[in-house]
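Q: Input structure: my_file_31.txt, which contains compact mmCIF, C-alpha atoms.
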```txt
# COMPACT_ATOMS: atom_id res chain seq x y z
CA MET A 129 15.67 9.14 -23.94
CA PRO A 130 15.73 5.84 -22.06
CA THR A 131 17.85 5.81 -18.95
CA VAL A 132 18.27 2.63 -16.95
CA PRO A 133 20.48 3.04 -13.89
CA THR A 134 21.41 0.13 -11.69
CA ARG A 135 18.84 -0.50 -8.96
CA HIS A 136 19.73 -1.64 -5.47
CA HIS A 137 18.93 -5.30 -4.75
CA TYR A 138 18.74 -6.86 -1.33
CA SER A 139 20.11 -10.22 -0.35
CA ALA A 140 17.84 -13.21 0.08
CA ARG A 141 19.48 -13.86 3.44
CA ARG A 142 16.87 -16.34 4.59
CA ARG A 143 14.79 -18.80 2.69
CA VAL A 144 11.27 -17.50 2.18
CA HIS A 145 9.80 -20.89 3.01
CA PRO A 146 11.50 -22.44 6.05
CA THR A 147 12.45 -25.95 6.84
CA ILE A 148 10.06 -27.56 9.31
CA GLY A 149 10.80 -26.52 12.88
CA ALA A 150 13.15 -23.67 11.96
CA CYS A 151 14.19 -21.54 14.96
CA LYS A 152 11.83 -23.37 17.33
CA GLU A 153 14.26 -22.93 20.23
CA ASN A 154 13.71 -19.14 20.04
CA ALA A 155 10.00 -19.29 19.21
CA LEU A 156 7.68 -16.69 20.68
CA LYS A 157 3.92 -16.47 20.89
CA VAL A 158 2.88 -13.55 18.65
CA LEU A 159 -0.57 -12.02 18.19
CA VAL A 160 -1.06 -10.08 14.96
CA LEU A 161 -4.00 -7.66 14.95
CA GLY A 162 -5.39 -7.39 11.43
CA GLY A 163 -5.74 -9.85 8.55
CA GLY A 164 -5.21 -7.59 5.54
CA VAL A 165 -2.20 -7.86 3.24
CA ILE A 166 0.09 -6.29 5.86
CA GLY A 167 -1.02 -8.48 8.77
CA THR A 168 -1.03 -11.66 6.69
CA SER A 169 2.45 -10.93 5.29
CA ILE A 170 3.74 -10.40 8.82
CA ALA A 171 2.13 -13.61 10.06
CA TYR A 172 3.68 -15.62 7.23
CA CYS A 173 7.17 -14.21 7.86
CA LEU A 174 6.87 -14.84 11.59
CA ALA A 175 5.78 -18.42 10.92
CA CYS A 176 8.81 -18.85 8.64
CA ASP A 177 10.93 -18.06 11.71
CA GLY A 178 9.14 -20.76 13.71
CA HIS A 179 7.01 -18.53 15.94
CA GLU A 180 3.55 -19.47 17.23
CA VAL A 181 1.35 -16.95 15.46
CA THR A 182 -2.32 -16.01 15.82
CA VAL A 183 -4.02 -13.46 13.54
CA LEU A 184 -7.07 -11.63 14.82
CA GLU A 185 -9.44 -10.37 12.10
CA ARG A 186 -13.00 -9.06 12.43
CA GLN A 187 -14.01 -10.03 8.88
CA PRO A 188 -14.92 -13.62 7.91
CA GLY A 189 -11.74 -13.96 5.83
CA PRO A 190 -8.48 -12.22 4.92
CA ALA A 191 -8.20 -9.03 2.86
CA LEU A 192 -11.87 -8.07 2.95
CA GLU A 193 -11.36 -4.38 3.73
CA THR A 194 -8.71 -2.04 2.28
CA SER A 195 -6.79 -4.92 0.66
CA PHE A 196 -9.85 -6.21 -1.20
CA ALA A 197 -10.05 -4.24 -4.47
CA ASN A 198 -7.18 -1.75 -4.63
CA ALA A 199 -5.62 -0.62 -7.91
CA GLY A 200 -3.31 -3.65 -8.01
CA GLU A 201 -0.02 -1.78 -8.39
CA VAL A 202 3.26 -2.92 -6.88
CA SER A 203 4.98 0.35 -7.67
CA PRO A 204 8.19 1.24 -5.83
CA GLY A 205 8.85 3.84 -8.51
CA TYR A 206 5.78 5.79 -7.35
CA SER A 207 6.73 5.64 -3.69
CA ALA A 208 6.54 9.32 -2.92
CA PRO A 209 4.67 11.35 -0.30
CA TRP A 210 1.54 13.18 -1.31
CA ALA A 211 2.83 16.22 0.58
CA GLY A 212 5.29 18.18 -1.53
CA PRO A 213 6.09 21.66 -2.89
CA GLY A 214 3.17 23.09 -4.82
CA VAL A 215 0.65 20.52 -3.62
CA PRO A 216 -1.61 23.00 -1.72
CA VAL A 217 -2.14 25.03 -4.92
CA LYS A 218 -2.67 21.86 -6.96
CA ALA A 219 -5.19 20.61 -4.40
CA ILE A 220 -7.36 23.68 -4.90
CA LYS A 221 -7.31 23.17 -8.68
CA TRP A 222 -8.10 19.46 -8.30
CA MET A 223 -11.17 20.16 -6.18
CA LEU A 224 -12.52 22.47 -8.92
CA MET A 225 -12.29 19.79 -11.64
CA GLN A 226 -15.40 18.01 -12.90
CA HIS A 227 -13.76 14.62 -12.29
CA SER A 228 -11.83 15.67 -9.23
CA PRO A 229 -9.10 13.41 -7.81
CA LEU A 230 -9.51 15.07 -4.40
CA VAL A 231 -12.68 15.48 -2.34
CA ILE A 232 -12.80 16.92 1.17
CA TRP A 233 -15.96 16.80 3.25
CA PRO A 234 -15.89 19.56 5.92
CA LEU A 235 -16.33 17.37 8.99
CA LEU A 236 -16.17 18.56 12.60
CA ASP A 237 -13.35 16.12 13.20
CA PRO A 238 -10.32 17.53 15.07
CA ALA A 239 -8.22 14.52 14.02
CA MET A 240 -8.78 15.32 10.34
CA TRP A 241 -7.79 18.96 10.73
CA ARG A 242 -4.71 18.09 12.81
CA TRP A 243 -3.69 15.58 10.15
CA GLY A 244 -4.27 18.15 7.42
CA ALA A 245 -2.16 20.75 9.22
CA MET A 246 0.68 18.24 9.62
CA MET A 247 0.46 17.37 5.93
CA LEU A 248 0.70 21.05 4.96
CA ALA A 249 3.79 21.36 7.15
CA ASN A 250 5.36 18.57 5.07
CA CYS A 251 4.77 20.42 1.77
CA THR A 252 8.35 21.67 1.56
CA ALA A 253 11.25 20.52 -0.60
CA ARG A 254 13.26 19.52 2.45
CA ALA A 255 10.44 17.46 4.01
CA TYR A 256 9.62 15.86 0.66
CA ALA A 257 13.21 14.73 0.17
CA LEU A 258 13.42 13.31 3.69
CA ASN A 259 10.10 11.49 3.46
CA LYS A 260 10.90 10.08 0.02
CA SER A 261 14.26 8.81 1.34
CA ARG A 262 12.37 6.82 3.98
CA MET A 263 9.73 5.42 1.60
CA VAL A 264 11.84 4.23 -1.33
CA PRO A 265 14.05 1.72 0.54
CA ILE A 266 11.13 -0.18 2.10
CA ALA A 267 9.25 -0.16 -1.23
CA GLU A 268 12.22 -1.42 -3.26
CA TYR A 269 13.07 -3.99 -0.60
CA SER A 270 9.48 -5.17 -0.51
CA ARG A 271 9.34 -5.67 -4.27
CA ASP A 272 12.50 -7.80 -4.07
CA CYS A 273 11.02 -9.80 -1.18
CA LEU A 274 7.87 -10.38 -3.24
CA LYS A 275 9.95 -11.65 -6.15
CA ALA A 276 11.82 -14.03 -3.84
CA LEU A 277 8.54 -15.26 -2.35
CA ARG A 278 7.10 -15.89 -5.79
CA SER A 279 10.25 -17.68 -6.93
CA GLU A 280 10.45 -20.01 -3.94
CA THR A 281 6.77 -20.78 -3.38
CA GLY A 282 5.16 -20.37 -6.81
CA ILE A 283 2.40 -18.18 -5.35
CA ALA A 284 0.15 -16.87 -8.14
CA TYR A 285 -2.20 -13.88 -8.00
CA ASP A 286 -2.77 -12.62 -11.61
CA GLU A 287 0.68 -11.05 -11.41
CA ARG A 288 2.34 -9.22 -14.29
CA ALA A 289 5.84 -7.73 -14.32
CA LEU A 290 5.37 -5.34 -17.23
CA GLY A 291 5.93 -1.98 -15.57
CA THR A 292 3.80 1.13 -15.02
CA LEU A 293 3.06 3.84 -17.58
CA GLN A 294 2.23 7.39 -16.45
CA LEU A 295 0.36 9.26 -19.21
CA PHE A 296 0.45 13.03 -19.68
CA ARG A 297 -2.31 14.91 -21.49
CA THR A 298 -0.46 18.25 -21.68
CA HIS A 299 3.06 19.42 -22.48
CA LYS A 300 3.07 21.26 -19.15
CA GLN A 301 2.66 17.94 -17.32
CA LEU A 302 5.37 16.30 -19.41
CA ASP A 303 7.77 19.21 -18.98
CA GLY A 304 7.17 19.12 -15.22
CA ILE A 305 8.63 15.64 -14.64
CA GLY A 306 12.20 16.88 -14.40
CA GLY A 307 12.19 16.74 -10.62
CA ASP A 308 10.68 13.26 -10.60
CA VAL A 309 13.28 12.03 -13.08
CA GLU A 310 16.12 13.35 -10.91
CA VAL A 311 14.67 11.52 -7.90
CA LEU A 312 14.42 8.32 -9.94
CA ARG A 313 18.06 8.69 -10.95
CA GLN A 314 19.06 9.40 -7.35
CA TYR A 315 17.47 6.17 -6.11
CA GLY A 316 18.52 4.05 -9.07
CA VAL A 317 14.99 3.37 -10.31
CA PRO A 318 14.87 2.35 -14.00
CA PHE A 319 12.71 4.62 -16.19
CA GLU A 320 11.95 5.64 -19.77
CA VAL A 321 10.48 8.89 -21.10
CA LEU A 322 8.35 7.95 -24.12
CA ASP A 323 6.69 9.71 -27.01
CA ARG A 324 3.44 8.48 -28.58
CA ALA A 325 5.12 5.77 -30.60
CA GLY A 326 6.95 4.63 -27.47
CA PHE A 327 3.93 4.31 -25.21
CA CYS A 328 1.93 2.60 -27.97
CA ARG A 329 4.73 0.07 -28.26
CA VAL A 330 4.32 -1.03 -24.63
CA GLU A 331 0.53 -0.50 -24.51
CA PRO A 332 -0.80 -1.29 -28.02
CA ALA A 333 -4.45 -0.60 -27.10
CA LEU A 334 -3.57 3.09 -26.63
CA ARG A 335 -3.19 3.46 -30.40
CA LEU A 336 -6.93 4.21 -30.54
CA THR A 337 -6.64 7.14 -28.13
CA GLN A 338 -3.00 8.20 -28.48
CA GLU A 339 -3.84 11.71 -29.72
CA LYS A 340 -5.18 12.57 -26.26
CA PHE A 341 -1.68 12.24 -24.76
CA VAL A 342 1.62 13.96 -25.49
CA GLY A 343 3.97 11.49 -23.81
CA ALA A 344 4.56 9.15 -20.91
CA LEU A 345 6.95 8.12 -18.15
CA ARG A 346 7.46 4.36 -17.89
CA LEU A 347 8.81 2.48 -14.88
CA PRO A 348 9.66 -0.99 -16.26
CA GLY A 349 10.54 -2.46 -12.85
CA ASP A 350 7.03 -2.09 -11.41
CA GLU A 351 4.58 -4.98 -11.17
CA THR A 352 0.85 -5.58 -10.81
CA GLY A 353 -1.30 -8.23 -9.20
CA ASP A 354 -4.53 -8.98 -7.36
CA CYS A 355 -3.89 -8.11 -3.71
CA PHE A 356 -6.96 -10.03 -2.54
CA LYS A 357 -5.87 -13.23 -4.31
CA PHE A 358 -2.33 -12.84 -3.02
CA THR A 359 -3.42 -12.34 0.59
CA ASN A 360 -5.77 -15.31 0.56
CA ARG A 361 -3.16 -17.63 -0.92
CA LEU A 362 -0.50 -16.37 1.48
CA ALA A 363 -2.94 -16.97 4.35
CA GLU A 364 -3.35 -20.58 3.20
CA MET A 365 0.44 -20.97 3.13
CA ALA A 366 0.69 -19.41 6.60
CA GLN A 367 -1.94 -21.80 7.94
CA ALA A 368 0.08 -24.71 6.55
CA LEU A 369 2.97 -23.42 8.69
CA GLY A 370 0.78 -23.40 11.81
CA VAL A 371 -0.63 -19.85 11.85
CA SER A 372 -4.06 -19.66 13.47
CA PHE A 373 -6.49 -17.17 11.91
CA ARG A 374 -9.35 -16.12 14.18
CA PHE A 375 -11.83 -14.63 11.72
CA GLY A 376 -15.01 -12.92 12.85
CA SER A 377 -13.34 -11.74 16.06
CA THR A 378 -13.67 -8.10 17.10
CA ILE A 379 -11.40 -6.26 19.53
CA ALA A 380 -13.06 -4.75 22.60
CA GLY A 381 -9.87 -3.32 24.09
CA ILE A 382 -6.21 -3.80 24.87
CA ASP A 383 -4.96 -4.26 28.43
CA ALA A 384 -1.57 -2.99 29.61
CA GLU A 385 0.28 -2.69 32.90
CA GLY A 386 3.43 -1.13 34.27
CA ALA A 387 4.91 2.31 33.75
CA GLY A 388 7.64 3.92 31.69
CA ALA A 389 9.99 1.53 29.93
CA ALA A 390 8.42 -1.41 31.79
CA ARG A 391 4.91 -0.78 30.43
CA ARG A 392 3.67 -3.66 28.32
CA ILE A 393 0.53 -5.25 26.91
CA THR A 394 -0.94 -8.06 28.98
CA GLY A 395 -3.79 -9.12 26.71
CA VAL A 396 -6.27 -8.22 23.99
CA ARG A 397 -9.96 -8.43 24.88
CA THR A 398 -11.96 -9.85 21.99
CA SER A 399 -15.38 -11.25 21.20
CA ALA A 400 -13.73 -14.68 21.59
CA GLY A 401 -12.24 -13.89 25.01
CA THR A 402 -8.92 -12.40 26.11
CA LEU A 403 -5.91 -13.46 24.05
CA GLN A 404 -2.36 -13.23 25.38
CA ALA A 405 1.05 -13.43 23.73
CA ASP A 406 4.73 -12.57 24.16
CA ARG A 407 4.65 -10.00 21.35
CA TYR A 408 1.84 -8.03 19.73
CA VAL A 409 1.84 -6.52 16.25
CA MET A 410 -0.80 -3.93 15.30
CA ALA A 411 -1.68 -3.95 11.60
CA LEU A 412 -5.17 -2.50 11.77
CA GLY A 413 -4.73 0.14 9.06
CA SER A 414 -6.90 3.22 9.55
CA TYR A 415 -8.30 1.82 12.79
CA SER A 416 -4.91 1.61 14.51
CA PRO A 417 -5.12 5.12 16.08
CA LEU A 418 -8.47 4.26 17.67
CA MET A 419 -6.98 1.19 19.37
CA LEU A 420 -3.79 2.96 20.43
CA LYS A 421 -5.38 6.05 21.96
CA PRO A 422 -6.57 4.32 25.19
CA LEU A 423 -2.97 3.12 25.65
CA GLY A 424 -1.72 6.70 25.60
CA LEU A 425 -0.18 6.29 22.14
CA ARG A 426 -1.07 8.78 19.41
CA ILE A 427 -0.12 8.35 15.78
CA PRO A 428 -1.16 10.70 12.95
CA VAL A 429 -2.86 8.10 10.75
CA TYR A 430 -6.11 9.16 9.09
CA PRO A 431 -8.43 7.31 6.68
CA VAL A 432 -8.34 8.57 3.08
CA LYS A 433 -11.04 6.84 1.09
CA GLY A 434 -10.19 5.39 -2.30
CA TYR A 435 -12.60 3.96 -4.87
CA SER A 436 -12.33 1.31 -7.56
CA ILE A 437 -14.37 -0.40 -10.22
CA THR A 438 -13.60 -3.87 -11.55
CA VAL A 439 -14.56 -4.24 -15.21
CA PRO A 440 -14.84 -7.54 -17.12
CA ILE A 441 -12.67 -7.49 -20.25
CA THR A 442 -14.68 -7.78 -23.47
CA ASP A 443 -11.83 -7.23 -25.97
CA PRO A 444 -8.38 -8.38 -24.74
CA ALA A 445 -6.65 -6.47 -27.55
CA GLY A 446 -8.37 -3.28 -26.42
CA ALA A 447 -7.40 -3.64 -22.74
CA PRO A 448 -4.22 -2.51 -20.95
CA GLU A 449 -1.25 -4.85 -20.73
CA SER A 450 -0.19 -3.64 -17.28
CA THR A 451 -0.90 -0.44 -15.31
CA ILE A 452 -1.56 3.01 -16.75
CA MET A 453 -1.65 6.11 -14.56
CA ASP A 454 -3.71 9.02 -15.89
CA GLU A 455 -1.79 11.99 -14.48
CA THR A 456 -4.67 14.42 -14.96
CA HIS A 457 -7.24 12.45 -12.99
CA LYS A 458 -4.81 10.55 -10.70
CA VAL A 459 -6.49 7.27 -11.66
CA ALA A 460 -4.78 3.92 -12.23
CA VAL A 461 -6.05 1.41 -14.81
CA THR A 462 -4.67 -2.11 -14.29
CA ARG A 463 -5.12 -5.45 -16.01
CA LEU A 464 -5.78 -8.29 -13.56
CA GLY A 465 -6.34 -11.53 -15.46
CA ASP A 466 -9.64 -11.21 -17.32
CA ARG A 467 -10.57 -7.98 -15.50
CA ILE A 468 -9.62 -4.32 -15.58
CA ARG A 469 -9.23 -2.65 -12.18
CA VAL A 470 -9.67 1.13 -12.15
CA GLY A 471 -8.72 2.85 -8.90
CA GLY A 472 -8.31 6.37 -7.64
CA THR A 473 -9.71 9.39 -5.78
CA ALA A 474 -8.64 10.72 -2.40
CA GLU A 475 -11.69 11.48 -0.30
CA LEU A 476 -11.48 12.82 3.24
CA ALA A 477 -14.76 11.76 4.84
CA GLY A 478 -13.76 10.24 8.16
CA TYR A 479 -14.57 6.55 8.48
CA SER A 480 -17.52 6.71 6.08
CA LEU A 481 -17.74 3.83 3.60
CA ALA A 482 -20.56 5.38 1.58
CA LEU A 483 -20.26 4.63 -2.14
CA ARG A 484 -20.71 7.93 -3.96
CA GLU A 485 -21.84 7.76 -7.58
CA ALA A 486 -19.83 10.86 -8.55
CA ARG A 487 -16.64 8.92 -7.81
CA ARG A 488 -17.85 6.02 -9.95
CA ALA A 489 -18.50 8.44 -12.80
CA THR A 490 -14.86 9.58 -12.66
CA LEU A 491 -13.54 6.02 -12.83
CA ASN A 492 -15.94 5.15 -15.68
CA HIS A 493 -14.82 8.25 -17.56
CA VAL A 494 -11.13 7.47 -17.31
CA VAL A 495 -11.29 3.81 -18.37
CA THR A 496 -13.62 4.50 -21.31
CA ASP A 497 -11.54 7.50 -22.36
CA LEU A 498 -8.34 5.42 -22.45
CA PHE A 499 -9.65 1.99 -23.46
CA PRO A 500 -13.08 2.42 -25.11
CA ARG A 501 -13.13 -1.19 -26.38
CA GLY A 502 -11.48 -2.88 -23.41
CA GLY A 503 -14.32 -3.67 -21.03
CA ASP A 504 -17.99 -3.32 -20.20
CA VAL A 505 -18.38 -0.67 -17.48
CA ALA A 506 -22.09 -1.48 -17.25
CA GLN A 507 -21.07 -4.80 -15.68
CA ALA A 508 -18.47 -3.29 -13.32
CA SER A 509 -18.48 -3.82 -9.56
CA PHE A 510 -18.01 -0.69 -7.41
CA TRP A 511 -15.95 -0.60 -4.18
CA CYS A 512 -14.31 1.73 -1.70
CA GLY A 513 -11.72 1.30 1.04
CA LEU A 514 -9.98 3.39 3.69
CA ARG A 515 -6.29 3.97 3.09
CA PRO A 516 -4.35 4.56 6.36
CA MET A 517 -2.43 7.72 5.50
CA THR A 518 0.28 9.49 7.48
CA PRO A 519 0.82 13.22 6.86
CA ASP A 520 4.39 12.58 5.69
CA GLY A 521 3.47 9.61 3.48
CA THR A 522 5.85 7.26 5.29
CA PRO A 523 4.44 4.13 6.96
CA ILE A 524 4.83 3.55 10.69
CA ILE A 525 6.80 0.34 11.17
CA GLY A 526 8.56 -0.48 14.41
CA PRO A 527 8.53 -0.33 18.20
CA THR A 528 6.42 1.73 20.58
CA ARG A 529 6.82 2.81 24.21
CA LEU A 530 5.21 -0.50 25.17
CA ASP A 531 8.10 -2.94 24.99
CA ASN A 532 6.11 -5.85 23.52
CA LEU A 533 4.07 -3.89 20.95
CA LEU A 534 5.14 -3.27 17.35
CA LEU A 535 3.28 -1.20 14.76
CA ALA A 536 2.83 -1.83 11.04
CA THR A 537 0.37 0.74 9.76
CA GLY A 538 0.10 4.02 7.85
CA HIS A 539 1.08 2.58 4.44
CA GLY A 540 -1.50 4.73 2.65
CA THR A 541 -1.82 3.83 -1.04
CA LEU A 542 1.31 1.65 -0.86
CA GLY A 543 0.23 -1.19 1.42
CA TRP A 544 0.30 -3.71 -1.43
CA THR A 545 3.64 -2.35 -2.63
CA MET A 546 5.25 -2.48 0.83
CA ALA A 547 3.59 -5.58 2.33
CA ALA A 548 6.21 -8.28 1.70
CA GLY A 549 9.04 -6.07 2.96
CA THR A 550 7.05 -4.99 6.00
CA GLY A 551 6.55 -8.64 6.91
CA ARG A 552 10.29 -9.30 6.75
CA VAL A 553 11.17 -6.19 8.78
CA ILE A 554 8.69 -7.00 11.56
CA ALA A 555 9.90 -10.61 11.69
CA ASP A 556 13.48 -9.35 12.06
CA MET A 557 12.44 -7.02 14.87
CA VAL A 558 10.59 -9.76 16.73
CA ALA A 559 13.64 -12.03 16.41
CA GLY A 560 16.03 -9.31 17.57
CA ARG A 561 17.79 -9.25 14.18
CA LYS A 562 18.91 -6.10 12.40
CA PRO A 563 16.67 -5.56 9.35
CA GLU A 564 18.34 -5.64 5.94
CA ILE A 565 17.42 -2.00 5.28
CA ASP A 566 17.66 1.18 7.33
CA VAL A 567 14.38 1.48 9.24
CA SER A 568 15.44 4.22 11.64
CA GLY A 569 13.00 6.73 10.14
CA LEU A 570 9.95 4.44 10.07
CA ALA A 571 9.07 4.21 13.77
CA MET A 572 6.42 6.37 15.44
CA SER A 573 9.21 8.09 17.40
CA ARG A 574 9.83 10.35 14.38
CA TYR A 575 6.77 12.32 15.42
CA GLY A 576 8.39 13.25 18.74
```
Could you write out this file's structure as structure tokens?

A:
Amino acid sequence: MPTVPTRHHYSARRRVHPTIGACKENALKVLVLGGGVIGTSIAYCLACDGHEVTVLERQPGPALETSFANAGEVSPGYSAPWAGPGVPVKAIKWMLMQHSPLVIWPLLDPAMWRWGAMMLANCTARAYALNKSRMVPIAEYSRDCLKALRSETGIAYDERALGTLQLFRTHKQLDGIGGDVEVLRQYGVPFEVLDRAGFCRVEPALRLTQEKFVGALRLPGDETGDCFKFTNRLAEMAQALGVSFRFGSTIAGIDAEGAGAARRITGVRTSAGTLQADRYVMALGSYSPLMLKPLGLRIPVYPVKGYSITVPITDPAGAPESTIMDETHKVAVTRLGDRIRVGGTAELAGYSLALREARRATLNHVVTDLFPRGGDVAQASFWCGLRPMTPDGTPIIGPTRLDNLLLATGHGTLGWTMAAGTGRVIADMVAGRKPEIDVSGLAMSRYG
């Protein structure tokens, strides 16, 4: 029963790529902390407004941490908080599965338990609806900004605009999508509910394994692409506009002075010396809370580790066309050029980057179960990254009590989905413009 409501589109009010010297009379010196997809997108948008931008990044290049090997989805249709009605019971069942999508290591970490308690408090229908209403606009806006960027600059990153397919192994799963469908209708997100013949039509390689699934939910407006390639090419474009990237520079601390509404940052101490600017933007992902705490700012962002494998395609006809979500295992399988990216798992283990073979086994199982002829898992590379998660699922984008500090963090699994829109919103805020979408619920002030 295909249903395709009209989706909201946002105006391309400004050219993505500016004319030389645009807005120079109002130019500010801006220091962006973090060179992942969020920080690089912000830097590019600021440069488009004519600002003098420096990006501080501890790695030797852009997108070498959480943005490096994510699942590759640009999926506004899946922009929903993890916290929702029934999730606590589901979480217990997930942890008992052989290939569990959720792993919690019992650490003596007060921050983890506070974050967990806040997430449980958001597992109500009312909180879910509120949080979803804050996430969808920035995700939809971001996808439209990405399309505009691609159209005007020709940026290429193994992108595909062929939608996302969520596969259900049981009738109980399929029958349970009623609430999700109503939310999709409410926000004008195009969707299709498909039987076996339907999902084989859009993903022909599933004909070999179709009997394992009873149906699917397809979101034709979603896209895919290599976040690492995108970020590196956007960084090159930003450098051409004058952005300075200081790679290999670590942050020792942030200096501030003043009190109350007059408190502001005066400099960032780094391994390359103290850097100063008119405005500062923090896009440090999971590490943002650690840098903010000495400033007296607390945000409930906690690292949730995700894993991926990248598999070389051996039979193109046996590989996915776009992205498939296995609802049972909460694993995404995405085609990126001549590779298959398989990503999933939510592991609470603090800031540990240990690669655990049990997680690799889950990813291997899913991709071989769905696409047995698609790729060679024996040749796969294995990776993990720390997703900066908020307990309500909504990113933290906007001002702080320090009048020259903006935050852009807490995007969780949706950093790639929300990056282009986050860049535009932050650039608007720096310029004193009203953003094109309602951002009133995105600032850290929502936590009181």

Q: So that I can see what lies close to range 153-158 of chain A, please list as a PyMOL selection string the residues with an atom at most 12 Å from it, counting all atoms listed in the file and leaving out residues fewer than 6 positions away in the same chain.

A: chain A and resi 167+170-184+370-372+393+395-396+403-410+532-534+554-555+558-560

Q: Find the residues around Gly349 in chain A up to 7 Å (only C-alpha atoms counted), leave out those fewer than 2 positions away in its own chain, and share them as a list of chain:residue names.

A: A:Gly291, A:Pro318, A:Leu347, A:Glu351

Q: If you measure from CA of Arg392 in chain A to CA of Tyr575 in chain A, what distance in Å do you get, rounded to one decimal?

A: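 Between CA of Arg392 in chain A and CA of Tyr575 in chain A the gap is 20.8 Å.
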
Q: With distances taken over all atoms listed in the file, which of A:Gly307, A:Pro500, A:Pro527, A:Gly472 is nearest to Leu230 in chain A?

A: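 Ranking A:Gly307, A:Pro500, A:Pro527, A:Gly472 by distance to Leu230 in chain A, first place goes to A:Gly472.
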
Q: I need every residue sitting at most 10 Å from the point (-15.8, 5.3, -13.7) (coordinates as in the file, all atoms listed in the file considered), written as JSON, numbers by chain.

A: {"A": [227, 435, 436, 437, 438, 439, 459, 470, 471, 472, 485, 486, 487, 488, 489, 490, 491, 492, 493, 494, 495, 496, 497, 505, 506, 508, 510]}

Q: Name the closest residue to Asp466 in chain A among the candidates A:Met225, A:Ala208, A:Ile452, A:Ile441; distances are taken between atoms, counting only C-alpha atoms.

A: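 Checking each of A:Met225, A:Ala208, A:Ile452, A:Ile441 against Asp466 in chain A, counting only C-alpha atoms, the winner is A:Ile441.
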
Q: Just the residues within 10 Å of Thr402 in chain A, please, counting only C-alpha atoms, with nothing from its chain fewer than 3 positions along; format it as a PyMOL selection string.

A: chain A and resi 379-383+394-399

Q: So how far away is CA of Ile283 in chain A from CA of Gly465 in chain A, in Å?

A: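 Those two atoms sit 14.9 Å apart.
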
Q: For CA of Ile220 in chain A and CA of Ala477 in chain A, determine how far apart the two atoms are, in Å to one decimal place.

A: 17.1 Å

Q: I'd like the contact shell of Ala211 in chain A - 8 Å cut-off, all atoms listed in the file, skipping same-chain residues fewer than 4 positions apart - returned as an mmCIF file with C-alpha atoms, in the frame of the given file.

A:
```
data_model
loop_
_atom_site.group_PDB
_atom_site.id
_atom_site.type_symbol
_atom_site.label_atom_id
_atom_site.label_comp_id
_atom_site.auth_asym_id
_atom_site.auth_seq_id
_atom_site.Cartn_x
_atom_site.Cartn_y
_atom_site.Cartn_z
ATOM 1 C CA VAL A 215 0.650 20.520 -3.620
ATOM 2 C CA MET A 247 0.460 17.370 5.930
ATOM 3 C CA LEU A 248 0.700 21.050 4.960
ATOM 4 C CA ASN A 250 5.360 18.570 5.070
ATOM 5 C CA CYS A 251 4.770 20.420 1.770
ATOM 6 C CA THR A 252 8.350 21.670 1.560
ATOM 7 C CA TYR A 256 9.620 15.860 0.660
ATOM 8 C CA PRO A 519 0.820 13.220 6.860
ATOM 9 C CA ASP A 520 4.390 12.580 5.690
ATOM 10 C CA GLY A 521 3.470 9.610 3.480
#
```

Q: When distances are computed from all atoms listed in the file, which of A:Cys512, A:Leu302, A:Leu345, A:Ala474 shows the smallest separation from Met453 in chain A?

A: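 For Met453 in chain A, the nearest of the given residues is A:Leu345.
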
Q: Excluding same-chain residues fewer than 6 positions from Pro428 in chain A, what lies within 12 Å of it counting all atoms listed in the file, as a ChimeraX atom specification?

A: /A:238-247,413-418,420-421,516-524,537-540,572-576

Q: Of the candidates A:Pro209, A:Pro234, A:Gly503, A:Pro229, which shows the shortest atom-to-atom distance to Arg262 in chain A, using only C-alpha atoms?

A: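 For Arg262 in chain A, the nearest of the given residues is A:Pro209.
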
Q: Please determine the residues with any atom at most 8 Å from (2.9, 10.6, -16.2) (coordinates as given in the file, with all atoms listed in the file counting) and report them as a PyMOL selection string.

A: chain A and resi 293-296+301-302+305+343-346+453-455

Q: Which residue, A:Phe499, A:Ala390, A:Asp237, A:Ile266, has the smallest gap to Tyr430 in chain A when you use all atoms listed in the file?

A: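 Closest to Tyr430 in chain A, using all atoms listed in the file: A:Asp237.
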